[in-house]
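Q: Sharing upload_25.cif below, mmCIF, C-alpha atoms:
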data_entry
loop_
_atom_site.label_atom_id
_atom_site.label_comp_id
_atom_site.auth_asym_id
_atom_site.auth_seq_id
_atom_site.Cartn_x
_atom_site.Cartn_y
_atom_site.Cartn_z
CA MET A 1 -25.85 4.69 67.23
CA ASN A 2 -28.23 3.27 69.84
CA LYS A 3 -27.60 5.29 72.99
CA ASN A 4 -29.48 2.71 75.07
CA ARG A 5 -27.22 -0.19 74.10
CA GLN A 6 -25.38 -2.07 76.82
CA ILE A 7 -22.09 -0.40 77.73
CA ASP A 8 -19.73 -2.14 80.14
CA ILE A 9 -17.00 -0.54 82.20
CA MET A 10 -14.08 -2.90 82.77
CA GLY A 11 -12.12 -1.88 85.85
CA ILE A 12 -8.40 -2.66 85.88
CA VAL A 13 -6.86 -4.51 88.84
CA ASN A 14 -3.10 -4.97 88.42
CA LEU A 15 -1.42 -7.63 90.56
CA THR A 16 2.00 -6.36 89.55
CA ASP A 17 4.58 -3.90 90.78
CA ASP A 18 5.52 -2.44 87.40
CA SER A 19 2.34 -1.30 85.63
CA TYR A 20 2.77 2.11 84.01
CA PHE A 21 0.07 3.71 86.21
CA SER A 22 1.20 3.30 89.79
CA ALA A 23 -2.23 3.78 91.40
CA SER A 24 -3.47 0.58 89.75
CA ARG A 25 -0.77 -1.62 91.32
CA CYS A 26 -1.76 -4.01 94.09
CA ALA A 27 1.05 -5.44 96.19
CA SER A 28 -1.10 -8.04 97.94
CA PRO A 29 -4.32 -9.99 97.45
CA SER A 30 -6.01 -7.90 100.13
CA GLN A 31 -5.18 -4.69 98.24
CA ALA A 32 -6.53 -6.24 95.04
CA VAL A 33 -9.80 -7.18 96.74
CA ALA A 34 -10.12 -3.70 98.26
CA LEU A 35 -9.56 -2.09 94.87
CA ALA A 36 -12.04 -4.48 93.24
CA SER A 37 -14.64 -3.57 95.85
CA ARG A 38 -14.19 0.15 95.19
CA LEU A 39 -14.39 -0.31 91.42
CA VAL A 40 -17.62 -2.28 91.75
CA ASP A 41 -19.09 0.43 93.97
CA GLU A 42 -18.14 3.01 91.34
CA GLY A 43 -19.91 1.15 88.56
CA ALA A 44 -17.64 -1.51 87.10
CA SER A 45 -19.58 -4.38 85.53
CA ILE A 46 -16.38 -6.27 84.68
CA LEU A 47 -13.21 -6.60 86.76
CA ASP A 48 -10.04 -7.26 84.74
CA PHE A 49 -7.26 -8.93 86.71
CA GLY A 50 -3.74 -8.91 85.33
CA ALA A 51 -0.66 -10.41 86.96
CA CYS A 52 1.94 -9.50 84.34
CA SER A 53 2.56 -6.05 82.91
CA THR A 54 2.14 -5.93 79.13
CA ARG A 55 3.53 -2.43 78.62
CA PRO A 56 6.25 -2.18 75.92
CA GLY A 57 9.50 -3.58 77.28
CA ALA A 58 7.91 -5.42 80.20
CA GLU A 59 9.38 -8.81 81.02
CA PRO A 60 7.03 -11.83 81.24
CA VAL A 61 6.83 -13.54 84.62
CA GLY A 62 5.64 -16.94 83.40
CA ALA A 63 2.43 -18.87 83.89
CA GLU A 64 3.32 -20.21 87.34
CA GLU A 65 4.02 -16.78 88.80
CA GLU A 66 0.96 -15.27 87.13
CA TRP A 67 -1.25 -17.91 88.71
CA ARG A 68 0.40 -17.53 92.12
CA ARG A 69 -0.48 -13.83 92.04
CA LEU A 70 -3.96 -14.30 90.58
CA ARG A 71 -5.47 -17.16 92.53
CA PRO A 72 -6.12 -15.56 95.96
CA ALA A 73 -7.69 -12.43 94.48
CA LEU A 74 -9.81 -14.29 91.94
CA GLU A 75 -11.23 -16.75 94.45
CA THR A 76 -12.02 -14.04 97.01
CA VAL A 77 -13.60 -11.64 94.53
CA ARG A 78 -15.70 -14.41 92.98
CA LYS A 79 -17.15 -15.18 96.44
CA GLU A 80 -17.72 -11.57 97.45
CA PHE A 81 -19.10 -10.33 94.10
CA PRO A 82 -20.80 -13.31 92.44
CA ASP A 83 -22.75 -11.12 90.00
CA VAL A 84 -19.77 -9.15 88.65
CA ARG A 85 -18.08 -10.58 85.58
CA ILE A 86 -14.40 -11.37 85.98
CA SER A 87 -11.83 -11.01 83.23
CA VAL A 88 -8.30 -12.39 83.35
CA ASP A 89 -5.61 -10.60 81.36
CA THR A 90 -3.29 -13.40 80.24
CA TYR A 91 -1.85 -15.04 77.15
CA TRP A 92 -1.17 -18.38 78.88
CA SER A 93 -3.63 -21.22 78.31
CA ASP A 94 -2.45 -22.86 81.53
CA VAL A 95 -3.55 -19.79 83.51
CA VAL A 96 -6.94 -19.94 81.79
CA ARG A 97 -7.35 -23.61 82.64
CA ARG A 98 -6.48 -23.06 86.30
CA ALA A 99 -8.72 -20.00 86.57
CA TYR A 100 -11.64 -21.91 85.09
CA ASP A 101 -11.12 -24.76 87.56
CA ALA A 102 -11.04 -22.24 90.42
CA ILE A 103 -13.87 -19.82 89.59
CA GLY A 104 -15.79 -21.18 86.62
CA ASP A 105 -16.91 -18.93 83.78
CA PHE A 106 -14.94 -15.75 83.08
CA ILE A 107 -13.67 -13.58 80.21
CA VAL A 108 -10.23 -14.27 78.76
CA ASN A 109 -8.45 -11.03 77.84
CA ASP A 110 -5.56 -12.03 75.59
CA ILE A 111 -3.30 -9.32 74.15
CA SER A 112 -1.90 -11.85 71.66
CA ALA A 113 -5.22 -13.04 70.17
CA GLY A 114 -3.99 -16.60 70.63
CA GLU A 115 -0.66 -16.11 68.88
CA ASP A 116 1.61 -16.44 71.92
CA ASP A 117 0.21 -19.81 73.06
CA PRO A 118 -1.09 -22.20 70.38
CA GLN A 119 -3.22 -23.98 72.99
CA MET A 120 -5.15 -20.84 73.94
CA LEU A 121 -7.89 -20.76 71.29
CA PRO A 122 -8.62 -24.52 71.36
CA LEU A 123 -8.93 -24.38 75.17
CA VAL A 124 -11.19 -21.33 75.11
CA GLY A 125 -13.32 -23.04 72.49
CA ARG A 126 -13.67 -26.21 74.55
CA LEU A 127 -14.57 -24.26 77.69
CA GLY A 128 -16.99 -21.97 75.87
CA LEU A 129 -15.50 -18.79 77.34
CA THR A 130 -15.91 -15.23 76.12
CA TYR A 131 -12.64 -14.07 74.61
CA VAL A 132 -11.11 -10.63 74.04
CA ALA A 133 -8.79 -10.70 71.01
CA MET A 134 -6.38 -7.79 70.74
CA HIS A 135 -4.24 -6.72 67.80
CA LYS A 136 -0.51 -6.45 68.30
CA ARG A 137 2.64 -7.49 66.52
CA GLY A 138 5.43 -9.29 68.37
CA THR A 139 5.85 -9.50 72.15
CA PRO A 140 6.11 -6.66 74.68
CA GLN A 141 9.89 -7.01 74.28
CA THR A 142 9.98 -6.96 70.45
CA MET A 143 6.99 -4.87 69.36
CA GLN A 144 7.77 -2.21 66.79
CA SER A 145 5.46 0.39 65.33
CA MET A 146 3.81 -0.51 62.03
CA THR A 147 5.54 2.26 60.11
CA ASP A 148 5.24 0.22 56.92
CA TYR A 149 1.43 0.45 56.95
CA GLU A 150 -0.10 3.66 55.66
CA ASP A 151 -3.64 2.55 56.51
CA VAL A 152 -3.41 0.99 59.94
CA THR A 153 -7.18 0.63 60.18
CA SER A 154 -7.32 -1.62 57.12
CA GLU A 155 -4.37 -3.62 58.41
CA VAL A 156 -6.09 -4.20 61.76
CA ALA A 157 -9.44 -4.99 60.11
CA ASP A 158 -7.73 -7.56 57.86
CA TYR A 159 -6.09 -9.05 60.93
CA PHE A 160 -9.45 -9.59 62.61
CA SER A 161 -10.94 -11.08 59.45
CA ASP A 162 -8.18 -13.69 59.64
CA PHE A 163 -8.67 -14.06 63.38
CA SER A 164 -12.38 -14.72 62.89
CA ASP A 165 -11.48 -17.74 60.79
CA ARG A 166 -8.97 -18.99 63.37
CA ALA A 167 -11.46 -18.52 66.17
CA GLY A 168 -14.17 -20.38 64.30
CA GLN A 169 -11.85 -23.30 63.60
CA SER A 170 -11.13 -23.55 67.33
CA GLY A 171 -14.77 -23.30 68.38
CA VAL A 172 -14.46 -19.79 69.84
CA ARG A 173 -17.87 -18.24 69.19
CA ASP A 174 -18.12 -15.28 71.56
CA TRP A 175 -15.16 -13.00 70.92
CA ILE A 176 -14.67 -9.29 71.46
CA LEU A 177 -12.56 -7.04 69.21
CA ASP A 178 -9.83 -4.87 70.77
CA PRO A 179 -7.87 -2.78 68.19
CA GLY A 180 -4.86 -2.70 70.52
CA PHE A 181 -4.25 0.98 71.18
CA GLY A 182 -0.61 1.55 72.09
CA PHE A 183 0.62 -1.82 70.86
CA ALA A 184 3.04 -1.65 67.90
CA LYS A 185 1.52 1.56 66.58
CA THR A 186 2.83 5.07 66.10
CA LEU A 187 1.14 8.00 67.78
CA GLU A 188 -0.62 8.95 64.55
CA GLN A 189 -1.70 5.36 63.93
CA ASN A 190 -3.31 5.21 67.36
CA TYR A 191 -5.35 8.30 66.56
CA GLN A 192 -6.21 7.03 63.09
CA LEU A 193 -7.65 3.92 64.76
CA MET A 194 -9.60 6.13 67.15
CA ARG A 195 -10.98 8.22 64.28
CA ASP A 196 -11.94 5.04 62.41
CA LEU A 197 -13.59 3.05 65.22
CA SER A 198 -16.92 3.04 63.45
CA ARG A 199 -15.33 1.08 60.59
CA PHE A 200 -14.82 -1.86 62.93
CA LYS A 201 -18.47 -1.81 63.94
CA ALA A 202 -19.44 -1.78 60.29
CA SER A 203 -17.06 -4.60 59.37
CA PHE A 204 -17.84 -6.76 62.41
CA PRO A 205 -21.42 -5.87 63.37
CA SER A 206 -21.89 -8.94 65.57
CA ARG A 207 -18.80 -8.24 67.67
CA LYS A 208 -18.52 -6.06 70.73
CA LEU A 209 -15.78 -3.44 70.55
CA LEU A 210 -13.43 -2.90 73.50
CA VAL A 211 -11.41 0.30 73.81
CA GLY A 212 -8.45 0.46 76.16
CA VAL A 213 -6.80 3.89 76.14
CA SER A 214 -6.88 4.72 79.85
CA ARG A 215 -3.91 6.92 80.77
CA LYS A 216 -1.82 5.41 77.95
CA SER A 217 1.20 6.99 76.30
CA MET A 218 -0.87 8.02 73.27
CA VAL A 219 -2.50 10.46 75.71
CA TYR A 220 0.25 11.65 78.00
CA ARG A 221 3.12 11.79 75.49
CA LEU A 222 1.05 13.75 73.00
CA LEU A 223 0.19 16.31 75.67
CA GLY A 224 3.56 16.35 77.44
CA ILE A 225 2.10 15.23 80.76
CA THR A 226 2.33 12.19 83.05
CA PRO A 227 -0.05 9.22 83.33
CA GLU A 228 -1.20 10.68 86.64
CA GLU A 229 -2.24 13.91 84.88
CA SER A 230 -4.03 12.28 81.95
CA LEU A 231 -7.48 11.54 83.38
CA PRO A 232 -9.37 14.46 81.71
CA ALA A 233 -7.89 13.69 78.27
CA THR A 234 -8.67 10.01 78.72
CA GLN A 235 -12.33 10.85 79.27
CA ALA A 236 -12.38 12.95 76.09
CA LEU A 237 -11.23 9.87 74.15
CA HIS A 238 -13.76 7.70 75.98
CA LEU A 239 -16.59 9.97 74.87
CA HIS A 240 -15.40 9.82 71.26
CA ALA A 241 -15.10 6.03 71.50
CA LEU A 242 -18.65 5.71 72.78
CA GLN A 243 -19.96 7.94 70.02
CA ASN A 244 -18.28 5.64 67.50
CA GLY A 245 -19.49 2.32 68.80
CA ALA A 246 -17.38 1.23 71.77
CA ASP A 247 -19.24 -1.31 73.90
CA ILE A 248 -16.62 -1.80 76.63
CA LEU A 249 -14.28 0.77 78.17
CA ARG A 250 -11.26 -0.75 79.92
CA VAL A 251 -10.31 1.85 82.52
CA HIS A 252 -8.38 2.66 85.66
CA ASP A 253 -10.92 5.28 86.77
CA VAL A 254 -14.36 3.70 86.90
CA ALA A 255 -16.29 6.55 88.55
CA GLN A 256 -15.19 9.04 85.90
CA ALA A 257 -15.86 6.58 83.08
CA ALA A 258 -19.37 6.03 84.44
CA GLN A 259 -19.93 9.79 84.35
CA THR A 260 -18.73 9.86 80.75
CA VAL A 261 -21.20 7.10 79.85
CA SER A 262 -24.00 9.12 81.47
CA LEU A 263 -23.03 12.22 79.48
CA TYR A 264 -22.87 10.19 76.28
CA ARG A 265 -26.38 8.87 76.81
CA MET A 266 -27.70 12.37 77.48
CA LEU A 267 -26.00 13.76 74.36
#
I need this file expressed as structure tokens, please.
A:
Amino acid sequence: MNKNRQIDIMGIVNLTDDSYFSASRCASPSQAVALASRLVDEGASILDFGACSTRPGAEPVGAEEEWRRLRPALETVRKEFPDVRISVDTYWSDVVRRAYDAIGDFIVNDISAGEDDPQMLPLVGRLGLTYVAMHKRGTPQTMQSMTDYEDVTSEVADYFSDFSDRAGQSGVRDWILDPGFGFAKTLEQNYQLMRDLSRFKASFPSRKLLVGVSRKSMVYRLLGITPEESLPATQALHLHALQNGADILRVHDVAQAAQTVSLYRML
């Protein structure tokens, strides 16, 4: 693995009041901008804004409410940090259209890989945006673990082979692969995916690989701790992910992730 390859740290900015990690919640646009500023100072090269929690069981708020929460923060951060890439965590094509009209180019981070809104992929293709496609099954309200799949890695790889065809048909050229840790997977399946990350790099060599495990239940439930106590274990998984090809770490704790990247490069 090329230790000098580009590695991006995607800092999480949650414009919600119900995200599973309370320290990432921003109750106002000013708090979101302040958090974004700190994450940039700590080393984030991408800022990921989300206005609807996608944890299991979370209720959707709808495109209108998402955009109401997103717009002030996006417009302000774009002006204050013009060189930092912005990502928007949404599965609504209408939110993507409005964000593009407001701030121009950005990354679409879609947990549904275009399945929840049939207009998403065609719109992304027309706009020429970079797109993060994540594997999941169902919605946050209906997701169930894939207990019927013995080899979750092959199932997810097959899913992205199919997605590649769908993306190409819609004109989406620049897409990033996210295996979807924590989404419709058992604890063991999450760790099988983590052990097998290098298989995705081998199967999709032209695609960047995004890993989002920061303070997730696969960490804190396994260890019998809380999300607030799971930072050290998260960094252990980040180091493994980097050693197995991760190009983007989606994190709550940018400073610590940046340290992990430095240690990885030294090792």
Q: Evaluate the PyMOL selection byres ((chain A and resi 83-91) around 10) and record the selected residues as a PyMOL selection string, following the chain and residue labels used in the document.
A: chain A and resi 10-14+40+44-54+62-63+66-67+70+74+77-82+92-96+99+103-120+130-132
Q: For the selection you just gave me, I'd like the residues written to a file as a short mmCIF file (atom, residue, chain, number, x, y, z; two decimals), keeping the file's coordinate frame, keeping C-alpha atoms.
A:
data_model
loop_
_atom_site.label_atom_id
_atom_site.label_comp_id
_atom_site.auth_asym_id
_atom_site.auth_seq_id
_atom_site.Cartn_x
_atom_site.Cartn_y
_atom_site.Cartn_z
CA MET A 10 -14.08 -2.90 82.77
CA GLY A 11 -12.12 -1.88 85.85
CA ILE A 12 -8.40 -2.66 85.88
CA VAL A 13 -6.86 -4.51 88.84
CA ASN A 14 -3.10 -4.97 88.42
CA VAL A 40 -17.62 -2.28 91.75
CA ALA A 44 -17.64 -1.51 87.10
CA SER A 45 -19.58 -4.38 85.53
CA ILE A 46 -16.38 -6.27 84.68
CA LEU A 47 -13.21 -6.60 86.76
CA ASP A 48 -10.04 -7.26 84.74
CA PHE A 49 -7.26 -8.93 86.71
CA GLY A 50 -3.74 -8.91 85.33
CA ALA A 51 -0.66 -10.41 86.96
CA CYS A 52 1.94 -9.50 84.34
CA SER A 53 2.56 -6.05 82.91
CA THR A 54 2.14 -5.93 79.13
CA GLY A 62 5.64 -16.94 83.40
CA ALA A 63 2.43 -18.87 83.89
CA GLU A 66 0.96 -15.27 87.13
CA TRP A 67 -1.25 -17.91 88.71
CA LEU A 70 -3.96 -14.30 90.58
CA LEU A 74 -9.81 -14.29 91.94
CA VAL A 77 -13.60 -11.64 94.53
CA ARG A 78 -15.70 -14.41 92.98
CA LYS A 79 -17.15 -15.18 96.44
CA GLU A 80 -17.72 -11.57 97.45
CA PHE A 81 -19.10 -10.33 94.10
CA PRO A 82 -20.80 -13.31 92.44
CA TRP A 92 -1.17 -18.38 78.88
CA SER A 93 -3.63 -21.22 78.31
CA ASP A 94 -2.45 -22.86 81.53
CA VAL A 95 -3.55 -19.79 83.51
CA VAL A 96 -6.94 -19.94 81.79
CA ALA A 99 -8.72 -20.00 86.57
CA ILE A 103 -13.87 -19.82 89.59
CA GLY A 104 -15.79 -21.18 86.62
CA ASP A 105 -16.91 -18.93 83.78
CA PHE A 106 -14.94 -15.75 83.08
CA ILE A 107 -13.67 -13.58 80.21
CA VAL A 108 -10.23 -14.27 78.76
CA ASN A 109 -8.45 -11.03 77.84
CA ASP A 110 -5.56 -12.03 75.59
CA ILE A 111 -3.30 -9.32 74.15
CA SER A 112 -1.90 -11.85 71.66
CA ALA A 113 -5.22 -13.04 70.17
CA GLY A 114 -3.99 -16.60 70.63
CA GLU A 115 -0.66 -16.11 68.88
CA ASP A 116 1.61 -16.44 71.92
CA ASP A 117 0.21 -19.81 73.06
CA PRO A 118 -1.09 -22.20 70.38
CA GLN A 119 -3.22 -23.98 72.99
CA MET A 120 -5.15 -20.84 73.94
CA THR A 130 -15.91 -15.23 76.12
CA TYR A 131 -12.64 -14.07 74.61
CA VAL A 132 -11.11 -10.63 74.04
#
Q: Could you check how far CA of Ile248 in chain A sits from CA of Val211 in chain A, in Å to one decimal?
A: 6.3 Å
Q: Could you jot down the CA of Val152 in chain A to CA of Leu239 in chain A separation for me, Å, one decimal place?
A: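 CA of Val152 in chain A sits 21.8 Å away from CA of Leu239 in chain A.
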Q: Just give me the residues with any atom within 9 Å of (-24.1, -3.1, 79.5), file coordinates, counting all atoms listed in the file, written as a short mmCIF file (atom, residue, chain, number, x, y, z; two decimals) with C-alpha atoms, in the frame of the given file.
A:
data_model
loop_
_atom_site.label_atom_id
_atom_site.label_comp_id
_atom_site.auth_asym_id
_atom_site.auth_seq_id
_atom_site.Cartn_x
_atom_site.Cartn_y
_atom_site.Cartn_z
CA ARG A 5 -27.22 -0.19 74.10
CA GLN A 6 -25.38 -2.07 76.82
CA ILE A 7 -22.09 -0.40 77.73
CA ASP A 8 -19.73 -2.14 80.14
CA ILE A 9 -17.00 -0.54 82.20
CA SER A 45 -19.58 -4.38 85.53
CA ASP A 247 -19.24 -1.31 73.90
CA ILE A 248 -16.62 -1.80 76.63
#
Q: Point out the residue among A:Pro29, A:Gly43, A:Pro179, A:Pro60 with the least atom-to-atom distance to Gln256 in chain A, counting only C-alpha atoms.
A: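 So, comparing all the options, the nearest one is A:Gly43.
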Q: Need to verify the contact set: Ser230 in chain A, 8 Å, only C-alpha atoms, exclusion of same-chain residues closer than 6 positions in sequence. Can you return it as a VMD selection string?
A: chain A and resid 215 219 to 220
Q: Counting only C-alpha atoms, what is within 8 Å of Gly128 in chain A, bar same-chain residues fewer than 5 positions away, as a ChimeraX atom specification?
A: /A:171-173
Q: Using all atoms listed in the file for the distances, tell me which of A:Lys185, A:His135, A:Arg265, A:Arg199 is nearest to Asp162 in chain A.
A: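 Among A:Lys185, A:His135, A:Arg265, A:Arg199, it is A:His135 that comes nearest to Asp162 in chain A.
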Q: For the structure provided, state which residues fall under the PyMOL selection byres ((chain A and resi 216) around 9), and present them as an MDAnalysis selection string.
A: chainID A and resid 20:21 181:182 212:215 217:221 227 230 234
Q: Listed atoms of range 150-163 of chain A, axis-aligned box, 6 Å per side: centre and edge lengths to one decimal in Å, as lines of an AutoDock Vina configuration file?
A:
center_x = -5.5
center_y = -5.2
center_z = 59.5
size_x = 22.8
size_y = 29.7
size_z = 19.7
Q: With all atoms listed in the file as the basis for distance, which of A:Ala133, A:Gln192, A:Ser37, A:Asp151 is at the shortest distance from Val254 in chain A?
A: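 Under the stated criterion, the closest residue is A:Ser37.
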Q: Quick one: apply the PyMOL selection byres ((chain A and resi 263) around 12) to the file and drop the selected residues here as a compact mmCIF listing (two decimals) with C-alpha atoms, keeping the file's coordinate frame.
A:
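The resulting file, selection.txt, is reproduced below:
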# COMPACT_ATOMS: atom_id res chain seq x y z
CA LYS A 3 -27.60 5.29 72.99
CA GLN A 235 -12.33 10.85 79.27
CA ALA A 236 -12.38 12.95 76.09
CA HIS A 238 -13.76 7.70 75.98
CA LEU A 239 -16.59 9.97 74.87
CA HIS A 240 -15.40 9.82 71.26
CA LEU A 242 -18.65 5.71 72.78
CA GLN A 243 -19.96 7.94 70.02
CA GLN A 256 -15.19 9.04 85.90
CA ALA A 257 -15.86 6.58 83.08
CA ALA A 258 -19.37 6.03 84.44
CA GLN A 259 -19.93 9.79 84.35
CA THR A 260 -18.73 9.86 80.75
CA VAL A 261 -21.20 7.10 79.85
CA SER A 262 -24.00 9.12 81.47
CA TYR A 264 -22.87 10.19 76.28
CA ARG A 265 -26.38 8.87 76.81
CA MET A 266 -27.70 12.37 77.48
CA LEU A 267 -26.00 13.76 74.36
